[in-house]
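**Q** Just so it is clear, I am handing over coords05.cif, which has mmCIF, C-alpha atoms.
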```cif
data_upload
#
loop_
_atom_site.label_atom_id
_atom_site.label_comp_id
_atom_site.auth_asym_id
_atom_site.auth_seq_id
_atom_site.Cartn_x
_atom_site.Cartn_y
_atom_site.Cartn_z
CA ARG M 6 134.53 126.57 139.74
CA PHE M 7 133.64 123.97 137.12
CA ARG M 8 130.00 123.98 138.23
CA GLY M 9 129.91 127.77 138.10
CA HIS M 10 131.54 127.81 134.67
CA LEU M 11 128.87 125.48 133.27
CA GLY M 12 126.02 127.43 134.82
CA THR M 13 126.98 130.68 133.12
CA ARG M 14 127.26 129.20 129.63
CA TYR M 15 124.89 126.26 129.19
CA THR M 16 121.28 125.24 129.71
CA PRO M 17 120.26 123.27 132.85
CA SER M 18 119.92 120.04 130.85
CA VAL M 19 123.50 120.32 129.49
CA VAL M 20 124.81 121.17 132.98
CA ARG M 21 123.03 118.15 134.46
CA LEU M 22 124.52 115.81 131.85
CA SER M 23 128.05 117.19 132.36
CA LEU M 24 127.81 116.92 136.14
CA ALA M 25 126.46 113.38 135.90
CA GLN M 26 129.53 112.37 133.89
CA VAL M 27 131.90 114.04 136.35
CA ARG M 28 130.14 112.49 139.35
CA ALA M 29 130.34 109.04 137.75
CA ALA M 30 134.12 109.43 137.23
CA TYR M 31 134.70 110.54 140.84
CA ARG M 32 132.44 107.78 142.18
CA HIS M 33 134.38 105.18 140.18
CA ALA M 34 137.73 106.54 141.40
CA HIS M 35 136.53 106.56 145.03
CA LYS M 36 135.19 103.02 144.78
CA ARG M 37 138.53 101.81 143.38
CA GLY M 38 140.49 103.57 146.14
CA ILE M 39 142.19 105.97 143.74
CA ILE M 40 140.92 108.97 145.75
CA ALA M 41 140.07 109.11 149.45
CA ILE M 42 137.11 111.46 149.21
CA ASP M 43 134.41 111.72 146.53
CA PRO M 44 134.03 115.45 145.75
CA GLY M 45 131.44 114.67 143.08
CA SER M 46 128.80 114.02 145.74
CA ASP M 47 128.68 117.78 146.42
CA LEU M 48 128.06 118.70 142.77
CA LEU M 49 124.35 119.49 142.75
CA ALA M 50 122.61 119.58 139.39
CA PRO M 51 120.29 122.51 138.62
CA ARG M 52 116.58 121.97 138.21
CA GLU M 53 114.88 122.55 134.89
CA PRO M 54 112.57 125.57 135.09
CA ASP M 55 108.99 124.43 135.66
CA THR M 56 107.24 125.94 132.66
CA GLU M 57 103.88 125.10 131.16
CA PRO M 58 104.32 123.63 127.66
CA GLU M 59 102.82 125.67 124.86
CA THR M 60 100.11 124.45 122.53
CA PHE M 61 99.57 125.25 118.87
CA THR M 62 96.47 127.21 117.95
CA PRO M 63 94.11 125.61 115.38
CA GLY M 64 95.39 128.10 112.80
CA GLU M 65 99.04 127.25 113.51
CA LEU M 66 98.36 123.53 113.38
CA ARG M 67 96.43 123.91 110.13
CA ALA M 68 99.37 125.80 108.59
CA ILE M 69 101.88 123.19 109.82
CA LEU M 70 99.87 120.27 108.44
CA ALA M 71 99.61 121.99 105.06
CA ALA M 72 103.32 122.83 104.87
CA PRO M 73 105.39 119.58 104.68
CA PRO M 74 107.36 119.65 101.39
CA THR M 75 107.68 115.84 101.08
CA TYR M 76 105.83 112.71 102.20
CA ARG M 77 108.64 112.07 104.68
CA HIS M 78 108.20 115.48 106.31
CA GLU M 79 104.44 114.96 106.33
CA CYS M 80 104.74 111.56 108.00
CA VAL M 81 107.04 112.83 110.77
CA VAL M 82 104.76 115.80 111.50
CA ARG M 83 101.60 113.67 111.58
CA LEU M 84 103.22 111.12 113.91
CA MET M 85 103.48 113.95 116.43
CA ALA M 86 100.26 115.80 115.62
CA PHE M 87 97.97 112.73 115.47
CA GLY M 88 99.96 110.19 117.48
CA GLY M 89 101.48 112.37 120.18
CA LEU M 90 104.90 110.72 119.76
CA ARG M 91 108.01 112.18 121.34
CA ARG M 92 111.01 113.05 119.18
CA ILE M 93 112.97 109.94 120.24
CA GLU M 94 109.90 107.79 119.60
CA VAL M 95 109.60 109.14 116.05
CA CYS M 96 113.31 108.46 115.46
CA ARG M 97 113.07 104.88 116.77
CA LEU M 98 109.86 103.93 114.96
CA ARG M 99 110.36 101.13 112.40
CA TRP M 100 108.02 99.94 109.71
CA ILE M 101 107.64 96.57 111.49
CA ASP M 102 106.17 98.59 114.38
CA VAL M 103 103.44 99.93 112.08
CA SER M 104 100.35 97.77 111.59
CA LEU M 105 98.05 99.38 109.07
CA ALA M 106 95.88 96.26 109.21
CA SER M 107 95.07 96.77 112.91
CA GLN M 108 95.65 100.56 112.73
CA THR M 109 98.15 100.43 115.59
CA LEU M 110 101.69 101.65 116.27
CA THR M 111 103.99 99.81 118.68
CA VAL M 112 105.98 102.68 120.17
CA ASP M 113 109.39 102.29 121.84
CA GLY M 114 109.01 104.95 124.52
CA LYS M 115 110.98 106.33 127.46
CA ALA M 116 113.28 103.74 129.05
CA HIS M 117 112.28 101.52 126.10
CA LYS M 118 108.81 100.91 127.52
CA LEU M 119 106.55 99.69 124.73
CA ARG M 120 103.01 100.95 124.28
CA LYS M 121 100.29 100.71 121.67
CA VAL M 122 99.10 103.91 119.97
CA PRO M 123 96.02 103.92 117.71
CA ILE M 124 96.56 105.30 114.21
CA HIS M 125 94.38 108.26 113.28
CA PRO M 126 93.02 108.10 109.67
CA ALA M 127 95.06 111.19 108.69
CA LEU M 128 98.21 109.48 109.98
CA ALA M 129 97.31 106.18 108.28
CA GLU M 130 97.00 107.97 104.95
CA SER M 131 100.42 109.56 105.37
CA LEU M 132 102.06 106.29 106.44
CA GLU M 133 100.64 104.47 103.41
CA ARG M 134 101.95 107.13 101.01
CA TRP M 135 105.43 107.29 102.51
CA GLN M 136 105.87 103.53 102.96
CA THR M 137 105.78 102.90 99.21
CA SER M 138 108.87 105.09 98.63
CA SER M 139 110.67 105.05 101.98
CA GLY M 140 113.26 102.34 101.33
CA SER M 141 114.39 102.42 104.97
CA GLU M 142 113.81 100.15 107.95
CA TYR M 143 112.82 103.24 109.94
CA VAL M 144 109.72 105.29 109.26
CA GLY M 145 111.52 108.61 109.49
CA GLY M 146 114.81 107.32 108.12
CA THR M 147 116.30 107.10 104.66
CA ARG M 148 117.70 104.29 102.55
CA ARG M 149 121.20 105.73 102.85
CA TRP M 150 121.37 106.83 106.50
CA GLY M 151 118.97 104.44 108.24
CA GLN M 152 117.49 105.65 111.52
CA LEU M 153 116.50 109.30 111.76
CA SER M 154 119.05 111.13 113.92
CA THR M 155 118.09 113.95 116.27
CA ASP M 156 119.93 116.44 114.05
CA ALA M 157 118.12 115.19 110.95
CA PHE M 158 114.84 115.32 112.86
CA GLN M 159 115.47 118.96 113.72
CA ARG M 160 116.28 119.79 110.10
CA LEU M 161 112.94 118.27 109.05
CA ILE M 162 111.12 120.34 111.66
CA ASP M 163 113.01 123.50 110.66
CA ALA M 164 111.95 122.96 107.04
CA VAL M 165 108.30 122.58 108.04
CA SER M 166 108.57 125.64 110.28
CA LYS M 167 109.96 127.70 107.40
CA GLU M 168 107.30 126.51 104.94
CA SER M 169 104.41 127.07 107.36
CA GLY M 170 105.60 130.35 108.87
CA VAL M 171 104.95 128.90 112.34
CA SER M 172 107.80 128.82 114.85
CA ILE M 173 108.47 125.25 116.01
CA LYS M 174 111.82 126.07 117.58
CA ARG M 175 112.64 125.39 121.20
CA PRO M 176 110.95 125.35 123.63
CA ARG M 177 108.45 124.25 121.00
CA GLY M 178 108.85 120.92 119.27
CA SER M 179 107.51 117.41 119.69
CA HIS M 180 106.26 118.21 123.20
CA THR M 181 104.17 121.06 121.84
CA PHE M 182 102.45 118.62 119.49
CA ARG M 183 101.93 116.21 122.43
CA LYS M 184 100.53 118.95 124.64
CA THR M 185 98.23 120.18 121.86
CA LEU M 186 96.82 116.72 121.15
CA ALA M 187 96.48 115.82 124.83
CA THR M 188 94.73 119.12 125.62
CA ASP M 189 92.35 118.70 122.68
CA LEU M 190 91.41 115.14 123.71
CA TYR M 191 91.02 116.09 127.37
CA GLU M 192 88.72 118.99 126.50
CA ARG M 193 86.60 116.54 124.48
CA GLY M 194 86.05 114.42 127.57
CA VAL M 195 88.54 111.60 127.02
CA ARG M 196 89.17 109.82 130.32
CA GLU M 197 92.51 110.47 132.00
CA ASP M 198 93.45 106.77 132.13
CA VAL M 199 92.88 106.54 128.37
CA LEU M 200 95.12 109.59 127.86
CA ASP M 201 97.77 107.93 130.07
CA ALA M 202 97.69 104.84 127.87
CA ILE M 203 97.95 106.77 124.59
CA PHE M 204 100.75 109.10 125.67
CA GLY M 205 102.73 106.64 127.80
CA TRP M 206 102.40 108.62 131.01
CA SER M 207 103.11 107.00 134.36
CA LYS M 208 100.16 105.73 136.32
CA ARG M 209 99.21 107.56 139.48
CA SER M 210 98.54 104.52 141.67
CA VAL M 211 99.24 100.83 142.03
CA ARG M 212 95.60 100.07 141.22
CA GLU M 213 95.77 101.98 137.94
CA ARG M 214 99.12 100.44 137.11
CA PHE M 215 98.32 96.79 137.66
CA TYR M 216 94.57 96.36 137.67
CA SER M 217 93.19 98.77 135.05
CA ARG M 218 93.19 97.67 131.41
CA ILE M 219 92.56 100.19 128.67
CA ALA M 220 90.93 98.48 125.72
CA ASP M 221 92.37 99.17 122.28
CA GLU M 222 88.91 100.20 121.08
CA GLN M 223 88.67 102.88 123.79
CA MET M 224 91.95 104.40 122.66
CA ARG M 225 90.90 104.18 119.02
CA GLN M 226 87.63 105.98 119.66
CA ALA M 227 89.50 108.61 121.66
CA ILE M 228 92.05 109.37 118.92
CA LEU M 229 89.25 109.77 116.36
CA LEU M 230 88.01 112.77 118.36
CA ALA M 231 91.21 114.73 117.72
CA TYR M 232 90.67 118.26 116.37
CA ARG M 233 87.09 117.65 115.24
CA GLY M 234 85.34 120.86 114.34
CA GLU M 235 88.55 122.92 114.54
CA GLY M 236 89.15 123.11 110.79
CA VAL M 237 92.51 121.40 111.39
CA LEU M 238 91.97 117.95 109.90
CA PRO M 239 93.49 117.59 106.43
CA ARG M 240 91.20 116.45 103.66
CA LEU M 241 91.92 112.77 103.14
CA ARG M 242 93.02 111.92 99.60
#
```
Would it be possible to restate this file's structure as structure tokens?
**A**
Amino acid sequence: RFRGHLGTRYTPSVVRLSLAQVRAAYRHAHKRGIIAIDPGSDLLAPREPDTEPETFTPGELRAILAAPPTYRHECVVRLMAFGGLRRIEVCRLRWIDVSLASQTLTVDGKAHKLRKVPIHPALAESLERWQTSSGSEYVGGTRRWGQLSTDAFQRLIDAVSKESGVSIKRPRGSHTFRKTLATDLYERGVREDVLDAIFGWSKRSVRERFYSRIADEQMRQAILLAYRGEGVLPRLR
């Protein structure tokens, strides 16, 4: 009944989280001998629908990049548009992870796996502007509140969406920026292993995982190809 109640009211991701918590409680009780049978083992979580992520059109991306009302908004948007960062990666990013000298970000990704991401010139410009007035340890954060929360992140995105007139609401969001950048680079002939390195995607084989090294210069040259000729790139100031 509980499983059915969740399924009629909430998204699959919320249902999965709720069931995981319930299963953990039952598993703990069973292990401690508090209950004889673990009913949580029969609570099956629903699958997320397998949908193809959207991409922004050049016109939409151009409008989004022109819309940020502050340097902070601009920096957050460009981290996704030119760096392909996930929402959580934007929230976690600290200024000590930004090397403008080497034009590299050290990104704390999924499961806290670190990766290097080359900084596109348009992103470098935005980082330089915002760093002088940020006052926070975190790139997207504030002096008062510190790290950018997911709610604050969404408010920033909502503000940019309103200013640009482009919907960035779910299912759109950081993954739409990632998909747009990845698709653009792939269509320009960037090798798949280079894309894997930039976006932090899992390797497809042991050989690729342990014996292939993607040079920083290869990733840098790849990121410089982003959106060329699409009329998307902002004019550098």
**Q** Kindly resolve the PyMOL selection byres ((chain M and resi 67) around 8) on the present coordinates and return the residues as an MDAnalysis selection string.
**A** chainID M and resid 63:66 68:71 236:239
**Q** When the PyMOL selection byres ((chain M and resi 152-160) around 9) is applied to the file above, which residues end up in the set, as a VMD selection string?
**A** chain M and resid 81 92 to 93 95 to 99 141 to 147 150 to 151 161 to 165 174 178
**Q** Hey, what comes out of the PyMOL selection byres ((chain M and resi 39-51) around 8) on this file? Could you write it as a PDB file with C-alpha atoms, keeping the file's coordinate frame?
**A**
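The result, stored in out_16.pdb:
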```
ATOM      1  CA  ARG M   8     130.000 123.980 138.230  1.00  0.00           C
ATOM      2  CA  PRO M  17     120.260 123.270 132.850  1.00  0.00           C
ATOM      3  CA  VAL M  20     124.810 121.170 132.980  1.00  0.00           C
ATOM      4  CA  ARG M  21     123.030 118.150 134.460  1.00  0.00           C
ATOM      5  CA  LEU M  24     127.810 116.920 136.140  1.00  0.00           C
ATOM      6  CA  VAL M  27     131.900 114.040 136.350  1.00  0.00           C
ATOM      7  CA  ARG M  28     130.140 112.490 139.350  1.00  0.00           C
ATOM      8  CA  ALA M  29     130.340 109.040 137.750  1.00  0.00           C
ATOM      9  CA  TYR M  31     134.700 110.540 140.840  1.00  0.00           C
ATOM     10  CA  ARG M  32     132.440 107.780 142.180  1.00  0.00           C
ATOM     11  CA  ALA M  34     137.730 106.540 141.400  1.00  0.00           C
ATOM     12  CA  HIS M  35     136.530 106.560 145.030  1.00  0.00           C
ATOM     13  CA  LYS M  36     135.190 103.020 144.780  1.00  0.00           C
ATOM     14  CA  ARG M  37     138.530 101.810 143.380  1.00  0.00           C
ATOM     15  CA  GLY M  38     140.490 103.570 146.140  1.00  0.00           C
ATOM     16  CA  ARG M  52     116.580 121.970 138.210  1.00  0.00           C
ATOM     17  CA  GLU M  53     114.880 122.550 134.890  1.00  0.00           C
TER      18      GLU M  53
END
```
**Q** In the coordinate frame of the file, compute which residues have an atom within 8 Å of (95.0, 100.7, 126.8) when using all atoms listed in the file, and state them as a CSV table (one decimal) with C-alpha atoms, in the frame of the given file.
**A**
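The new file out_0.csv reads:
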```csv
chain,number,residue,atom,x,y,z
M,121,LYS,CA,100.3,100.7,121.7
M,199,VAL,CA,92.9,106.5,128.4
M,202,ALA,CA,97.7,104.8,127.9
M,203,ILE,CA,98.0,106.8,124.6
M,218,ARG,CA,93.2,97.7,131.4
M,219,ILE,CA,92.6,100.2,128.7
M,220,ALA,CA,90.9,98.5,125.7
M,221,ASP,CA,92.4,99.2,122.3
M,223,GLN,CA,88.7,102.9,123.8
M,224,MET,CA,92.0,104.4,122.7
```
**Q** With only C-alpha atoms as the counted atoms, please give the residues lying no more than 12 Å from segment 189-193 of chain M, apart from itself and same-chain residues fewer than 4 positions off, as a VMD selection string.
**A** chain M and resid 60 to 63 86 to 89 182 to 185 197 to 201 203 to 204 224 to 235 237
**Q** To one decimal in Å, tell me the separation between atom CA of Gly140 of chain M and atom CA of Pro73 of chain M.
**A** 19.2 Å
**Q** Kindly indicate which residue among M:Ser23, M:Thr16, M:Ser131, M:Ser169 lies nearest to Tyr76 of chain M, using only C-alpha atoms for the distances.
**A** M:Ser131
**Q** Given the choices M:Leu110, M:Cys80, M:Leu90, M:Met85, which gets closest to Ser139 of chain M if the distance is worked out from only C-alpha atoms?
**A** M:Cys80
**Q** How far is it from atom CA of Gln136 of chain M to atom CA of Trp206 of chain M, in Å with one decimal?
**A**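 Answer for the atom CA of Gln136 of chain M to atom CA of Trp206 of chain M separation: 28.7 Å.
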